[in-house]
$ cat query-v3.tsv   # TSV, C-alpha atoms
chain	number	residue	atom	x	y	z
S	8	MET	CA	36.38	23.37	21.22
S	9	ARG	CA	36.33	20.78	18.45
S	10	PHE	CA	36.36	17.98	21.01
S	11	VAL	CA	33.41	19.54	22.85
S	12	LEU	CA	31.40	19.79	19.65
S	13	TYR	CA	32.34	16.23	18.73
S	14	PHE	CA	31.07	14.81	22.01
S	15	LEU	CA	27.92	16.91	21.83
S	16	MET	CA	27.22	15.46	18.40
S	17	ILE	CA	27.75	11.95	19.75
S	18	ALA	CA	25.37	12.61	22.66
S	19	ALA	CA	22.72	14.04	20.31
S	20	ALA	CA	23.04	11.04	18.00
S	21	ALA	CA	22.69	8.68	20.97
S	22	ARG	CA	19.51	10.42	22.13
S	23	ALA	CA	18.09	10.30	18.62
S	24	GLN	CA	18.87	6.58	18.42
S	25	ASP	CA	17.19	5.97	21.78
S	26	GLY	CA	14.07	7.71	20.48
S	27	ALA	CA	14.09	5.56	17.33
S	28	VAL	CA	14.41	2.38	19.40
S	29	ARG	CA	11.48	3.39	21.64
S	30	ARG	CA	9.29	4.18	18.64
S	31	GLY	CA	10.42	0.97	16.96
S	32	GLU	CA	9.46	-1.01	20.04
S	33	GLN	CA	5.87	0.20	19.76
S	34	LEU	CA	5.79	-0.67	16.07
S	35	PHE	CA	7.24	-4.10	16.83
S	36	ARG	CA	4.56	-4.81	19.43
S	37	THR	CA	1.84	-3.93	16.94
S	38	ASN	CA	3.26	-5.63	13.85
S	39	CYS	CA	5.71	-8.35	14.87
S	40	ALA	CA	5.24	-9.47	18.49
S	41	THR	CA	2.26	-11.73	17.92
S	42	PRO	CA	2.54	-15.36	19.08
S	43	TYR	CA	2.52	-16.60	15.49
S	44	CYS	CA	5.31	-14.21	14.48
S	45	HIS	CA	8.41	-13.24	16.49
S	46	GLY	CA	6.74	-13.22	19.90
S	47	PRO	CA	6.93	-10.64	22.72
S	48	GLU	CA	10.27	-8.79	22.67
S	49	GLY	CA	11.50	-11.07	19.88
S	50	ALA	CA	11.60	-14.12	22.15
S	51	ALA	CA	10.23	-16.28	19.26
S	52	GLY	CA	6.75	-17.39	18.39
S	53	ARG	CA	6.40	-19.38	15.19
S	54	ALA	CA	8.88	-17.06	13.47
S	55	PRO	CA	12.62	-16.97	14.31
S	56	ARG	CA	13.93	-15.69	17.61
S	57	LEU	CA	15.35	-12.17	17.33
S	58	ILE	CA	16.92	-11.78	20.76
S	59	GLY	CA	20.69	-12.13	20.40
S	60	HIS	CA	20.55	-12.26	16.58
S	61	ARG	CA	23.57	-11.50	14.39
S	62	TYR	CA	21.89	-9.91	11.37
S	63	ASN	CA	23.62	-6.94	9.75
S	64	LEU	CA	21.93	-3.57	9.37
S	65	ASN	CA	21.65	-3.57	5.57
S	66	GLY	CA	20.23	-7.08	5.53
S	67	MET	CA	17.66	-6.20	8.17
S	68	PHE	CA	16.53	-3.14	6.20
S	69	LYS	CA	16.01	-5.30	3.12
S	70	VAL	CA	14.06	-7.99	4.98
S	71	VAL	CA	11.79	-5.55	6.80
S	72	THR	CA	11.20	-3.45	3.69
S	73	TRP	CA	10.68	-6.19	1.10
S	74	GLY	CA	9.91	-9.29	3.19
S	75	ILE	CA	11.02	-12.81	2.29
S	76	PRO	CA	9.11	-14.23	-0.72
S	77	GLY	CA	7.66	-17.68	-0.17
S	78	SER	CA	7.77	-17.35	3.62
S	79	GLY	CA	5.57	-15.90	6.33
S	80	MET	CA	7.71	-12.74	6.50
S	81	PRO	CA	5.66	-9.92	4.88
S	82	GLU	CA	6.92	-6.75	3.27
S	83	PHE	CA	6.36	-3.49	5.12
S	84	THR	CA	7.06	-1.01	2.35
S	85	THR	CA	3.30	-0.59	1.73
S	86	ARG	CA	2.35	-0.87	5.41
S	87	LEU	CA	4.70	1.54	7.17
S	88	LYS	CA	6.24	4.87	6.32
S	89	THR	CA	9.96	5.05	5.60
S	90	ASP	CA	10.77	6.60	8.97
S	91	GLU	CA	8.66	3.95	10.72
S	92	ILE	CA	10.62	1.21	8.99
S	93	ALA	CA	13.83	2.87	10.15
S	94	ASP	CA	12.55	2.95	13.74
S	95	LEU	CA	11.44	-0.68	13.55
S	96	VAL	CA	14.84	-1.74	12.22
S	97	ALA	CA	16.56	0.24	14.99
S	98	TYR	CA	14.61	-1.71	17.61
S	99	VAL	CA	15.22	-5.10	15.97
S	100	MET	CA	18.94	-4.38	15.73
S	101	ALA	CA	18.91	-3.43	19.43
S	102	LEU	CA	17.52	-6.89	20.19
S	103	GLY	CA	20.77	-8.37	18.92
S	104	GLY	CA	22.44	-7.46	22.19
S	105	SER	CA	19.53	-8.35	24.45
S	106	ALA	CA	19.64	-11.05	27.08
S	107	PRO	CA	17.34	-14.05	26.60
S	108	ALA	CA	13.82	-13.39	27.78
S	109	PRO	CA	12.36	-15.62	30.48
S	110	ALA	CA	10.01	-18.34	29.30
S	111	PRO	CA	6.30	-17.60	29.74
S	112	VAL	CA	4.84	-19.08	32.89
S	113	ALA	CA	1.48	-20.69	33.44
S	114	PRO	CA	-1.22	-18.85	35.40
S	115	SER	CA	-0.70	-18.92	39.16
S	116	ARG	CA	-4.34	-19.88	39.76
S	117	PRO	CA	-5.12	-23.60	39.88
S	118	LEU	CA	-6.68	-25.06	36.75
S	119	THR	CA	-8.73	-28.22	36.43
S	120	PRO	CA	-7.41	-30.88	34.04
S	121	GLN	CA	-10.07	-29.82	31.53
S	122	ALA	CA	-9.09	-26.15	31.81
S	123	ARG	CA	-5.41	-27.02	31.32
S	124	GLN	CA	-6.29	-28.88	28.14
S	125	GLY	CA	-8.42	-25.95	27.02
S	126	ARG	CA	-5.56	-23.53	27.65
S	127	ALA	CA	-3.21	-25.64	25.52
S	128	LEU	CA	-5.79	-25.65	22.70
S	129	PHE	CA	-6.40	-21.90	23.02
S	130	PHE	CA	-2.70	-21.11	22.45
S	131	ASP	CA	-1.88	-24.05	20.18
S	132	ALA	CA	0.78	-22.58	17.85
S	133	SER	CA	0.60	-25.60	15.55
S	134	ARG	CA	-2.90	-24.59	14.47
S	135	THR	CA	-2.84	-21.59	12.17
S	136	GLY	CA	-5.57	-19.29	13.38
S	137	ALA	CA	-5.94	-20.72	16.90
S	138	CYS	CA	-7.82	-18.63	19.50
S	139	GLY	CA	-4.63	-16.98	20.76
S	140	SER	CA	-4.09	-15.49	17.31
S	141	CYS	CA	-6.87	-12.98	18.01
S	142	HIS	CA	-7.54	-13.07	21.75
S	143	GLU	CA	-5.34	-12.38	24.77
S	144	LEU	CA	-5.54	-14.18	28.11
S	145	ASP	CA	-3.07	-14.52	30.98
S	146	GLY	CA	-0.66	-12.20	29.17
S	147	TRP	CA	-0.46	-14.50	26.15
S	148	GLY	CA	-2.04	-14.12	22.74
S	149	LEU	CA	-2.94	-11.03	20.75
S	150	PRO	CA	-5.69	-8.56	21.79
S	151	VAL	CA	-7.20	-8.17	18.32
S	152	GLY	CA	-10.65	-9.41	19.28
S	153	PRO	CA	-12.65	-9.01	22.51
S	154	ASP	CA	-11.65	-10.36	25.91
S	155	LEU	CA	-13.37	-13.75	25.93
S	156	ALA	CA	-12.94	-14.25	29.67
S	157	ALA	CA	-14.62	-10.93	30.45
S	158	SER	CA	-17.46	-11.58	28.01
S	159	ARG	CA	-18.42	-14.83	29.81
S	160	VAL	CA	-19.85	-16.32	26.63
S	161	PRO	CA	-21.66	-19.64	27.21
S	162	ASP	CA	-20.92	-20.74	23.65
S	163	LEU	CA	-17.99	-19.71	21.42
S	164	HIS	CA	-20.33	-19.71	18.44
S	165	SER	CA	-22.17	-16.76	19.99
S	166	VAL	CA	-19.18	-14.40	20.29
S	167	ALA	CA	-20.33	-10.97	19.11
S	168	THR	CA	-18.83	-9.58	15.90
S	169	SER	CA	-20.18	-6.04	16.17
S	170	ARG	CA	-16.70	-4.52	15.77
S	171	VAL	CA	-16.04	-6.30	12.46
S	172	ILE	CA	-16.58	-4.10	9.42
S	173	THR	CA	-16.04	-4.44	5.66
S	174	VAL	CA	-13.22	-2.51	4.01
S	175	ARG	CA	-13.88	-1.48	0.43
S	176	SER	CA	-10.88	-0.32	-1.56
S	177	ARG	CA	-11.20	2.44	-4.13
S	178	GLY	CA	-8.42	0.80	-6.11
S	179	GLY	CA	-10.30	-2.32	-7.16
S	180	GLU	CA	-9.18	-4.73	-4.43
S	181	PRO	CA	-11.98	-7.10	-3.34
S	182	PRO	CA	-13.73	-6.04	-0.10
S	183	PHE	CA	-12.56	-7.81	3.06
S	184	PRO	CA	-13.63	-8.12	6.71
S	185	ALA	CA	-11.53	-6.20	9.22
S	186	LEU	CA	-11.18	-4.67	12.66
S	187	VAL	CA	-10.19	-0.99	12.81
S	188	VAL	CA	-7.06	-0.31	14.89
S	189	GLU	CA	-6.55	3.37	14.08
S	190	ARG	CA	-8.48	5.93	12.07
S	191	THR	CA	-7.25	9.45	11.44
S	192	ALA	CA	-7.87	12.05	8.76
S	193	SER	CA	-4.84	10.81	6.82
S	194	ARG	CA	-4.65	7.07	7.38
S	195	VAL	CA	-6.56	3.99	8.52
S	196	ARG	CA	-4.99	0.87	10.06
S	197	VAL	CA	-6.97	-2.34	10.21
S	198	TYR	CA	-6.55	-6.02	10.97
S	199	ASP	CA	-7.48	-7.87	7.77
S	200	LEU	CA	-9.46	-10.98	8.76
S	201	THR	CA	-9.45	-12.60	5.33
S	202	ALA	CA	-6.77	-15.16	6.24
S	203	PRO	CA	-6.71	-17.38	9.36
S	204	LEU	CA	-4.13	-15.04	10.89
S	205	PRO	CA	-5.10	-11.34	11.18
S	206	VAL	CA	-2.81	-9.09	9.14
S	207	LEU	CA	-2.23	-5.47	10.14
S	208	ARG	CA	-2.58	-3.22	7.09
S	209	THR	CA	-2.27	0.54	6.62
S	210	PHE	CA	-4.15	2.60	4.03
S	211	ALA	CA	-4.41	6.24	3.14
S	212	ALA	CA	-7.83	7.37	4.33
S	213	SER	CA	-8.74	8.40	0.80
S	214	GLN	CA	-8.02	4.90	-0.57
S	215	ILE	CA	-10.75	3.01	1.24
S	216	ALA	CA	-14.32	3.19	2.54
S	217	LEU	CA	-15.49	1.47	5.74
S	218	ASP	CA	-18.82	-0.35	5.60
S	219	PRO	CA	-20.31	-1.30	9.01
S	220	ALA	CA	-22.10	-4.28	7.44
S	221	THR	CA	-20.28	-7.61	7.23
S	222	THR	CA	-20.98	-11.27	6.51
S	223	TRP	CA	-18.01	-12.37	8.67
S	224	ARG	CA	-18.94	-14.48	11.70
S	225	HIS	CA	-16.84	-15.72	14.61
S	226	ASP	CA	-18.00	-19.31	14.18
S	227	GLN	CA	-16.11	-19.40	10.86
S	228	THR	CA	-12.90	-19.49	12.89
S	229	LEU	CA	-13.96	-22.46	15.02
S	230	ARG	CA	-13.52	-25.10	12.34
S	231	LEU	CA	-10.02	-25.77	13.69
S	232	TYR	CA	-11.53	-27.49	16.71
S	233	THR	CA	-13.80	-30.46	17.37
S	234	PRO	CA	-16.92	-29.96	19.54
S	235	ARG	CA	-15.11	-31.63	22.44
S	236	GLU	CA	-12.12	-29.33	22.07
S	237	LEU	CA	-14.42	-26.30	22.11
S	238	GLU	CA	-15.90	-27.55	25.38
S	239	LEU	CA	-12.40	-27.72	26.88
S	240	ILE	CA	-11.63	-24.17	25.71
S	241	VAL	CA	-14.84	-22.93	27.34
S	242	ALA	CA	-13.77	-24.70	30.55
S	243	TYR	CA	-10.51	-22.70	30.41
S	244	LEU	CA	-12.37	-19.43	29.81
S	245	ARG	CA	-14.69	-20.11	32.74
S	246	SER	CA	-11.70	-20.77	35.01
$ encode --input "query-v3.tsv" --output "C-alpha coordinates"
Amino acid sequence: MRFVLYFLMIAAAARAQDGAVRRGEQLFRTNCATPYCHGPEGAAGRAPRLIGHRYNLNGMFKVVTWGIPGSGMPEFTTRLKTDEIADLVAYVMALGGSAPAPAPVAPSRPLTPQARQGRALFFDASRTGACGSCHELDGWGLPVGPDLAASRVPDLHSVATSRVITVRSRGGEPPFPALVVERTASRVRVYDLTAPLPVLRTFAASQIALDPATTWRHDQTLRLYTPRELELIVAYLRS
(Lines of atoms letter the chains of each structure in order from A and count residues from 1; the text may use other names and numbers.)
(Lines give C-alpha, C1' and ligand atoms only; values in the text may rest on other atoms or scores of the structure.)
Protein backbone atom coordinates (compact mmCIF):
# COMPACT_ATOMS: atom_id res chain seq x y z
CA MET A 1 0.00 0.00 0.00
CA ARG A 2 2.83 2.37 0.83
CA PHE A 3 4.39 1.78 -2.58
CA VAL A 4 1.08 2.56 -4.30
CA LEU A 5 0.73 5.82 -2.40
CA TYR A 6 4.35 6.68 -3.14
CA PHE A 7 3.91 6.27 -6.89
CA LEU A 8 0.62 8.17 -6.83
CA MET A 9 2.39 11.06 -5.14
CA ILE A 10 5.13 10.96 -7.78
CA ALA A 11 2.53 10.98 -10.58
CA ALA A 12 0.66 13.90 -8.98
CA ALA A 13 3.90 15.86 -8.58
CA ALA A 14 4.79 15.20 -12.23
CA ARG A 15 1.40 16.47 -13.41
CA ALA A 16 1.74 19.57 -11.24
CA GLN A 17 5.20 20.21 -12.68
CA ASP A 18 3.88 19.82 -16.24
CA GLY A 19 1.22 22.42 -15.47
CA ALA A 20 3.84 24.81 -14.09
CA VAL A 21 5.99 24.39 -17.20
CA ARG A 22 3.03 25.09 -19.50
CA ARG A 23 2.09 28.21 -17.56
CA GLY A 24 5.73 29.26 -17.46
CA GLU A 25 5.97 28.89 -21.22
CA GLN A 26 3.20 31.45 -21.69
CA LEU A 27 4.90 33.83 -19.27
CA PHE A 28 8.21 33.33 -21.08
CA ARG A 29 6.65 34.17 -24.45
CA THR A 30 5.23 37.39 -23.04
CA ASN A 31 8.20 38.54 -20.98
CA CYS A 32 11.39 36.90 -22.25
CA ALA A 33 11.03 35.60 -25.83
CA THR A 34 11.46 38.90 -27.61
CA PRO A 35 14.21 39.15 -30.26
CA TYR A 36 16.20 41.54 -28.08
CA CYS A 37 16.01 39.22 -25.07
CA HIS A 38 16.28 35.41 -25.02
CA GLY A 39 14.44 34.79 -28.28
CA PRO A 40 11.67 32.29 -29.11
CA GLU A 41 11.93 29.17 -26.92
CA GLY A 42 15.19 30.47 -25.45
CA ALA A 43 17.07 30.06 -28.74
CA ALA A 44 18.90 33.38 -28.07
CA GLY A 45 18.23 36.89 -29.21
CA ARG A 46 20.55 39.55 -27.85
CA ALA A 47 20.45 37.89 -24.43
CA PRO A 48 22.09 34.51 -23.68
CA ARG A 49 20.82 31.27 -25.14
CA LEU A 50 18.80 29.26 -22.62
CA ILE A 51 18.34 26.01 -24.53
CA GLY A 52 20.68 23.41 -23.05
CA HIS A 53 21.79 25.69 -20.18
CA ARG A 54 23.36 24.33 -16.98
CA TYR A 55 22.05 26.83 -14.43
CA ASN A 56 21.01 25.49 -11.03
CA LEU A 57 17.52 25.98 -9.64
CA ASN A 58 18.44 28.32 -6.77
CA GLY A 59 20.54 30.51 -9.03
CA MET A 60 17.75 30.75 -11.59
CA PHE A 61 15.25 31.79 -8.91
CA LYS A 62 17.59 34.57 -7.78
CA VAL A 63 18.22 35.85 -11.30
CA VAL A 64 14.55 35.85 -12.33
CA THR A 65 13.43 37.40 -9.05
CA TRP A 66 16.09 40.08 -8.59
CA GLY A 67 17.60 40.45 -12.07
CA ILE A 68 21.27 41.17 -12.75
CA PRO A 69 22.27 44.75 -11.81
CA GLY A 70 24.14 46.62 -14.52
CA SER A 71 22.88 44.33 -17.27
CA GLY A 72 19.79 44.07 -19.46
CA MET A 73 18.31 41.36 -17.21
CA PRO A 74 15.43 42.99 -15.26
CA GLU A 75 13.97 41.94 -11.94
CA PHE A 76 10.54 40.35 -11.94
CA THR A 77 9.68 40.59 -8.26
CA THR A 78 7.56 43.71 -8.93
CA ARG A 79 6.26 42.49 -12.30
CA LEU A 80 5.05 38.96 -11.60
CA LYS A 81 3.40 37.23 -8.69
CA THR A 82 5.39 34.70 -6.68
CA ASP A 83 3.62 31.72 -8.24
CA GLU A 84 4.16 33.19 -11.72
CA ILE A 85 7.88 33.47 -11.04
CA ALA A 86 7.89 29.84 -9.93
CA ASP A 87 6.15 28.80 -13.16
CA LEU A 88 8.56 30.87 -15.26
CA VAL A 89 11.56 29.31 -13.52
CA ALA A 90 10.08 25.83 -14.05
CA TYR A 91 9.90 26.48 -17.80
CA VAL A 92 13.41 27.95 -18.02
CA MET A 93 14.83 24.99 -16.11
CA ALA A 94 13.02 22.67 -18.53
CA LEU A 95 14.87 24.38 -21.39
CA GLY A 96 18.11 23.02 -19.96
CA GLY A 97 17.33 19.62 -21.45
CA SER A 98 15.90 20.89 -24.72
CA ALA A 99 17.39 20.17 -28.10
CA PRO A 100 18.75 23.13 -30.08
CA ALA A 101 16.05 24.98 -31.96
CA PRO A 102 16.34 25.29 -35.73
CA ALA A 103 17.63 28.59 -37.04
CA PRO A 104 14.99 30.99 -38.36
CA VAL A 105 14.54 30.81 -42.09
CA ALA A 106 13.93 33.59 -44.57
CA PRO A 107 10.49 34.02 -46.14
CA SER A 108 9.77 31.55 -48.93
CA ARG A 109 8.47 34.32 -51.21
CA PRO A 110 11.04 35.99 -53.47
CA LEU A 111 12.28 39.38 -52.33
CA THR A 112 13.85 42.10 -54.43
CA PRO A 113 17.35 43.24 -53.43
CA GLN A 114 15.82 46.37 -51.90
CA ALA A 115 13.28 44.33 -49.90
CA ARG A 116 16.04 42.03 -48.62
CA GLN A 117 17.98 45.04 -47.40
CA GLY A 118 14.82 46.42 -45.81
CA ARG A 119 14.18 43.12 -44.04
CA ALA A 120 17.70 43.14 -42.58
CA LEU A 121 17.16 46.70 -41.33
CA PHE A 122 13.72 45.85 -39.90
CA PHE A 123 15.17 43.07 -37.71
CA ASP A 124 18.61 44.60 -37.12
CA ALA A 125 19.46 43.39 -33.59
CA SER A 126 22.45 45.73 -33.38
CA ARG A 127 20.11 48.74 -33.30
CA THR A 128 18.37 49.05 -29.96
CA GLY A 129 14.75 49.79 -30.74
CA ALA A 130 14.72 48.54 -34.35
CA CYS A 131 11.33 47.92 -36.00
CA GLY A 132 11.32 44.24 -34.99
CA SER A 133 11.36 45.30 -31.34
CA CYS A 134 7.69 46.28 -31.64
CA HIS A 135 6.36 44.74 -34.85
CA GLU A 136 6.11 41.16 -36.06
CA LEU A 137 6.52 40.00 -39.65
CA ASP A 138 7.28 36.60 -41.17
CA GLY A 139 7.17 35.03 -37.71
CA TRP A 140 9.97 37.26 -36.43
CA GLY A 141 9.80 40.27 -34.15
CA LEU A 142 7.39 41.13 -31.36
CA PRO A 143 3.69 41.92 -31.92
CA VAL A 144 3.55 44.90 -29.57
CA GLY A 145 2.48 47.41 -32.19
CA PRO A 146 0.22 47.04 -35.24
CA ASP A 147 0.88 44.78 -38.22
CA LEU A 148 2.71 47.13 -40.58
CA ALA A 149 2.29 44.86 -43.60
CA ALA A 150 -1.48 44.72 -43.14
CA SER A 151 -1.75 48.47 -42.59
CA ARG A 152 -0.14 49.19 -45.99
CA VAL A 153 1.21 52.53 -44.79
CA PRO A 154 2.78 54.61 -47.57
CA ASP A 155 5.05 56.36 -45.08
CA LEU A 156 6.37 55.03 -41.76
CA HIS A 157 5.99 58.50 -40.27
CA SER A 158 2.22 58.16 -40.66
CA VAL A 159 1.79 54.96 -38.61
CA ALA A 160 -1.25 55.45 -36.37
CA THR A 161 -0.69 55.66 -32.61
CA SER A 162 -4.32 55.48 -31.52
CA ARG A 163 -3.63 52.54 -29.17
CA VAL A 164 -0.92 54.42 -27.25
CA ILE A 165 -2.12 55.86 -23.95
CA THR A 166 -0.51 57.64 -20.99
CA VAL A 167 -0.13 55.79 -17.69
CA ARG A 168 -0.31 57.99 -14.61
CA SER A 169 0.88 56.42 -11.38
CA ARG A 170 -0.80 57.26 -8.10
CA GLY A 171 2.54 56.71 -6.36
CA GLY A 172 4.36 59.70 -7.80
CA GLU A 173 6.13 58.05 -10.75
CA PRO A 174 6.27 60.33 -13.83
CA PRO A 175 3.60 59.55 -16.46
CA PHE A 176 4.75 57.43 -19.40
CA PRO A 177 3.42 56.32 -22.80
CA ALA A 178 2.26 52.71 -23.02
CA LEU A 179 0.24 50.06 -24.81
CA VAL A 180 -2.25 48.09 -22.71
CA VAL A 181 -1.75 44.30 -22.84
CA GLU A 182 -4.22 43.23 -20.17
CA ARG A 183 -6.73 45.07 -18.00
CA THR A 184 -8.76 43.40 -15.27
CA ALA A 185 -10.42 44.58 -12.09
CA SER A 186 -7.31 43.69 -10.10
CA ARG A 187 -4.34 44.37 -12.36
CA VAL A 188 -3.17 46.15 -15.50
CA ARG A 189 -0.26 45.03 -17.72
CA VAL A 190 1.25 47.46 -20.18
CA TYR A 191 4.22 47.84 -22.49
CA ASP A 192 6.12 50.90 -21.26
CA LEU A 193 7.32 52.83 -24.33
CA THR A 194 9.60 55.22 -22.47
CA ALA A 195 12.79 53.43 -23.50
CA PRO A 196 13.74 52.32 -27.04
CA LEU A 197 12.78 48.76 -26.12
CA PRO A 198 9.21 48.22 -24.82
CA VAL A 199 9.15 46.90 -21.26
CA LEU A 200 6.26 44.79 -20.00
CA ARG A 201 5.11 46.08 -16.60
CA THR A 202 2.38 44.95 -14.21
CA PHE A 203 0.46 47.22 -11.83
CA ALA A 204 -2.35 46.80 -9.38
CA ALA A 205 -5.39 48.44 -10.98
CA SER A 206 -5.70 50.80 -8.03
CA GLN A 207 -2.12 52.07 -8.46
CA ILE A 208 -2.52 53.75 -11.84
CA ALA A 209 -4.89 55.72 -14.06
CA LEU A 210 -5.01 55.37 -17.85
CA ASP A 211 -5.23 58.58 -19.88
CA PRO A 212 -6.20 58.12 -23.57
CA ALA A 213 -4.30 61.28 -24.50
CA THR A 214 -0.60 61.01 -25.36
CA THR A 215 2.19 63.07 -26.90
CA TRP A 216 4.02 59.91 -28.08
CA ARG A 217 4.38 59.58 -31.86
CA HIS A 218 5.66 56.72 -33.99
CA ASP A 219 8.08 58.94 -35.89
CA GLN A 220 10.06 59.36 -32.66
CA THR A 221 11.24 55.78 -33.13
CA LEU A 222 12.48 56.32 -36.68
CA ARG A 223 15.59 58.27 -35.76
CA LEU A 224 17.57 55.03 -35.88
CA TYR A 225 17.33 55.04 -39.66
CA THR A 226 18.36 57.33 -42.50
CA PRO A 227 15.73 58.37 -45.08
CA ARG A 228 17.20 55.87 -47.55
CA GLU A 229 17.01 53.06 -44.99
CA LEU A 230 13.35 53.89 -44.33
CA GLU A 231 12.67 53.60 -48.06
CA LEU A 232 14.21 50.11 -48.04
CA ILE A 233 12.08 49.09 -45.05
CA VAL A 234 8.95 50.29 -46.87
CA ALA A 235 10.04 48.21 -49.88
CA TYR A 236 10.16 45.16 -47.58
CA LEU A 237 6.72 45.93 -46.13
CA ARG A 238 5.24 46.29 -49.61
CA SER A 239 6.69 42.92 -50.63
$ closest_residue --input "query-v3.tsv" --among "S:Val99, S:Arg230, S:Ala27, S:Leu204" --to "Arg61 in chain S" --atoms "all atoms listed in the file"
S:Val99
$ residues_near_point --input "query-v3.tsv" --point "(15.5, -5.4, 9.0)" --cutoff "10 Å" --atoms "only C-alpha atoms" --output "VMD selection string"
chain S and resid 62 to 74 92 to 93 95 to 100
$ atom_distance --input "query-v3.tsv" --atom1 "CA of Ala202 in chain S" --atom2 "CA of Leu57 in chain S"
24.9 Å
$ atom_distance --input "query-v3.tsv" --atom1 "CA of Leu200 in chain S" --atom2 "CA of Thr89 in chain S"
25.4 Å
$ atom_distance --input "query-v3.tsv" --atom1 "CA of Tyr198 in chain S" --atom2 "CA of Gln124 in chain S"
28.6 Å
$ closest_residue --input "query-v3.tsv" --among "S:Ala167, S:Glu32, S:Arg126, S:Glu143" --to "Ala101 in chain S" --atoms "all atoms listed in the file"
S:Glu32
$ residues_around --input "query-v3.tsv" --residues "Thr191 in chain S" --least-positions-apart "5" --cutoff "10 Å" --atoms "all atoms listed in the file" --output "PyMOL selection string"
chain S and resi 196+211-212
$ closest_residue --input "query-v3.tsv" --among "S:Thr209, S:Thr228, S:Thr168, S:Ser193" --to "Thr85 in chain S" --atoms "all atoms listed in the file"
S:Thr209
$ closest_residue --input "query-v3.tsv" --among "S:Leu155, S:Leu118, S:Ala216, S:Leu163" --to "Gly179 in chain S" --atoms "only C-alpha atoms"
S:Ala216
$ residues_around --input "query-v3.tsv" --residues "Leu207 in chain S" --least-positions-apart "6" --cutoff "10 Å" --atoms "all atoms listed in the file" --output "count of residues only"
14
$ closest_residue --input "query-v3.tsv" --among "S:Ala122, S:Val28, S:Leu87, S:Leu128" --to "Leu231 in chain S" --atoms "only C-alpha atoms"
S:Leu128
$ closest_residue --input "query-v3.tsv" --among "S:His142, S:Glu82, S:Gln227, S:Phe210" --to "Ser176 in chain S" --atoms "only C-alpha atoms"
S:Phe210
$ residues_around --input "query-v3.tsv" --residues "Val174 in chain S" --least-positions-apart "5" --cutoff "8 Å" --atoms "all atoms listed in the file" --output "PyMOL selection string"
chain S and resi 182-185+215-218
$ residues_around --input "query-v3.tsv" --residues "Gly148 in chain S" --least-positions-apart "2" --cutoff "10 Å" --atoms "only C-alpha atoms" --output "number ranges by chain"
S: 40-43, 46-47, 129-130, 137-146, 150-151
$ residues_near_point --input "query-v3.tsv" --point "(-21.5, -14.8, 13.4)" --cutoff "8 Å" --atoms "only C-alpha atoms" --output "list in words"
His164, Ser165, Val166, Ala167, Thr168, Thr222, Trp223, Arg224, His225, Asp226 and Gln227 of chain S
$ build_atoms --input "query-v3.tsv" --residues "range 65-92 of chain S" --atoms "N, CA and C atoms" --output "short mmCIF file (atom, residue, chain, number, x, y, z; two decimals), in the frame of the given file"
data_model
loop_
_atom_site.label_atom_id
_atom_site.label_comp_id
_atom_site.auth_asym_id
_atom_site.auth_seq_id
_atom_site.Cartn_x
_atom_site.Cartn_y
_atom_site.Cartn_z
N ASN S 65 22.15 -3.64 6.94
CA ASN S 65 21.65 -3.57 5.57
C ASN S 65 20.70 -4.73 5.27
N GLY S 66 21.08 -5.91 5.74
CA GLY S 66 20.23 -7.08 5.53
C GLY S 66 18.89 -6.93 6.22
N MET S 67 18.91 -6.37 7.43
CA MET S 67 17.66 -6.20 8.17
C MET S 67 16.75 -5.20 7.48
N PHE S 68 17.33 -4.11 6.94
CA PHE S 68 16.53 -3.14 6.20
C PHE S 68 15.85 -3.81 5.00
N LYS S 69 16.57 -4.64 4.30
CA LYS S 69 16.01 -5.30 3.12
C LYS S 69 14.88 -6.24 3.51
N VAL S 70 15.08 -7.02 4.56
CA VAL S 70 14.06 -7.99 4.98
C VAL S 70 12.80 -7.29 5.45
N VAL S 71 12.96 -6.26 6.29
CA VAL S 71 11.79 -5.55 6.80
C VAL S 71 11.06 -4.82 5.68
N THR S 72 11.81 -4.23 4.77
CA THR S 72 11.20 -3.45 3.69
C THR S 72 10.50 -4.34 2.67
N TRP S 73 11.19 -5.40 2.21
CA TRP S 73 10.68 -6.19 1.10
C TRP S 73 10.16 -7.57 1.50
N GLY S 74 10.36 -7.97 2.76
CA GLY S 74 9.91 -9.29 3.19
C GLY S 74 10.77 -10.40 2.62
N ILE S 75 10.32 -11.63 2.82
CA ILE S 75 11.02 -12.81 2.29
C ILE S 75 10.01 -13.60 1.46
N PRO S 76 10.08 -13.53 0.13
CA PRO S 76 9.11 -14.23 -0.72
C PRO S 76 9.05 -15.72 -0.41
N GLY S 77 7.84 -16.26 -0.42
CA GLY S 77 7.66 -17.68 -0.17
C GLY S 77 7.69 -18.07 1.29
N SER S 78 7.76 -17.07 2.18
CA SER S 78 7.77 -17.35 3.62
C SER S 78 6.65 -16.55 4.28
N GLY S 79 6.57 -16.66 5.60
CA GLY S 79 5.57 -15.90 6.33
C GLY S 79 5.99 -14.48 6.64
N MET S 80 7.21 -14.09 6.21
CA MET S 80 7.71 -12.74 6.50
C MET S 80 7.17 -11.77 5.46
N PRO S 81 6.26 -10.84 5.85
CA PRO S 81 5.66 -9.92 4.88
C PRO S 81 6.57 -8.74 4.58
N GLU S 82 6.23 -8.01 3.54
CA GLU S 82 6.92 -6.75 3.27
C GLU S 82 6.20 -5.63 4.01
N PHE S 83 6.95 -4.60 4.40
CA PHE S 83 6.36 -3.49 5.12
C PHE S 83 6.43 -2.18 4.35
N THR S 84 6.92 -2.24 3.11
CA THR S 84 7.06 -1.01 2.35
C THR S 84 5.72 -0.36 2.03
N THR S 85 4.63 -1.15 1.98
CA THR S 85 3.30 -0.59 1.73
C THR S 85 2.50 -0.47 3.02
N ARG S 86 3.09 -0.87 4.14
CA ARG S 86 2.35 -0.87 5.41
C ARG S 86 2.83 0.22 6.36
N LEU S 87 4.12 0.54 6.27
CA LEU S 87 4.70 1.54 7.17
C LEU S 87 5.38 2.63 6.36
N LYS S 88 5.49 3.79 6.95
CA LYS S 88 6.24 4.87 6.32
C LYS S 88 7.73 4.59 6.42
N THR S 89 8.52 5.28 5.62
CA THR S 89 9.96 5.05 5.60
C THR S 89 10.59 5.27 6.97
N ASP S 90 10.19 6.34 7.66
CA ASP S 90 10.77 6.60 8.97
C ASP S 90 10.32 5.56 9.99
N GLU S 91 9.12 5.01 9.83
CA GLU S 91 8.66 3.95 10.72
C GLU S 91 9.46 2.67 10.51
N ILE S 92 9.78 2.37 9.26
CA ILE S 92 10.62 1.21 8.99
C ILE S 92 11.99 1.39 9.63
#
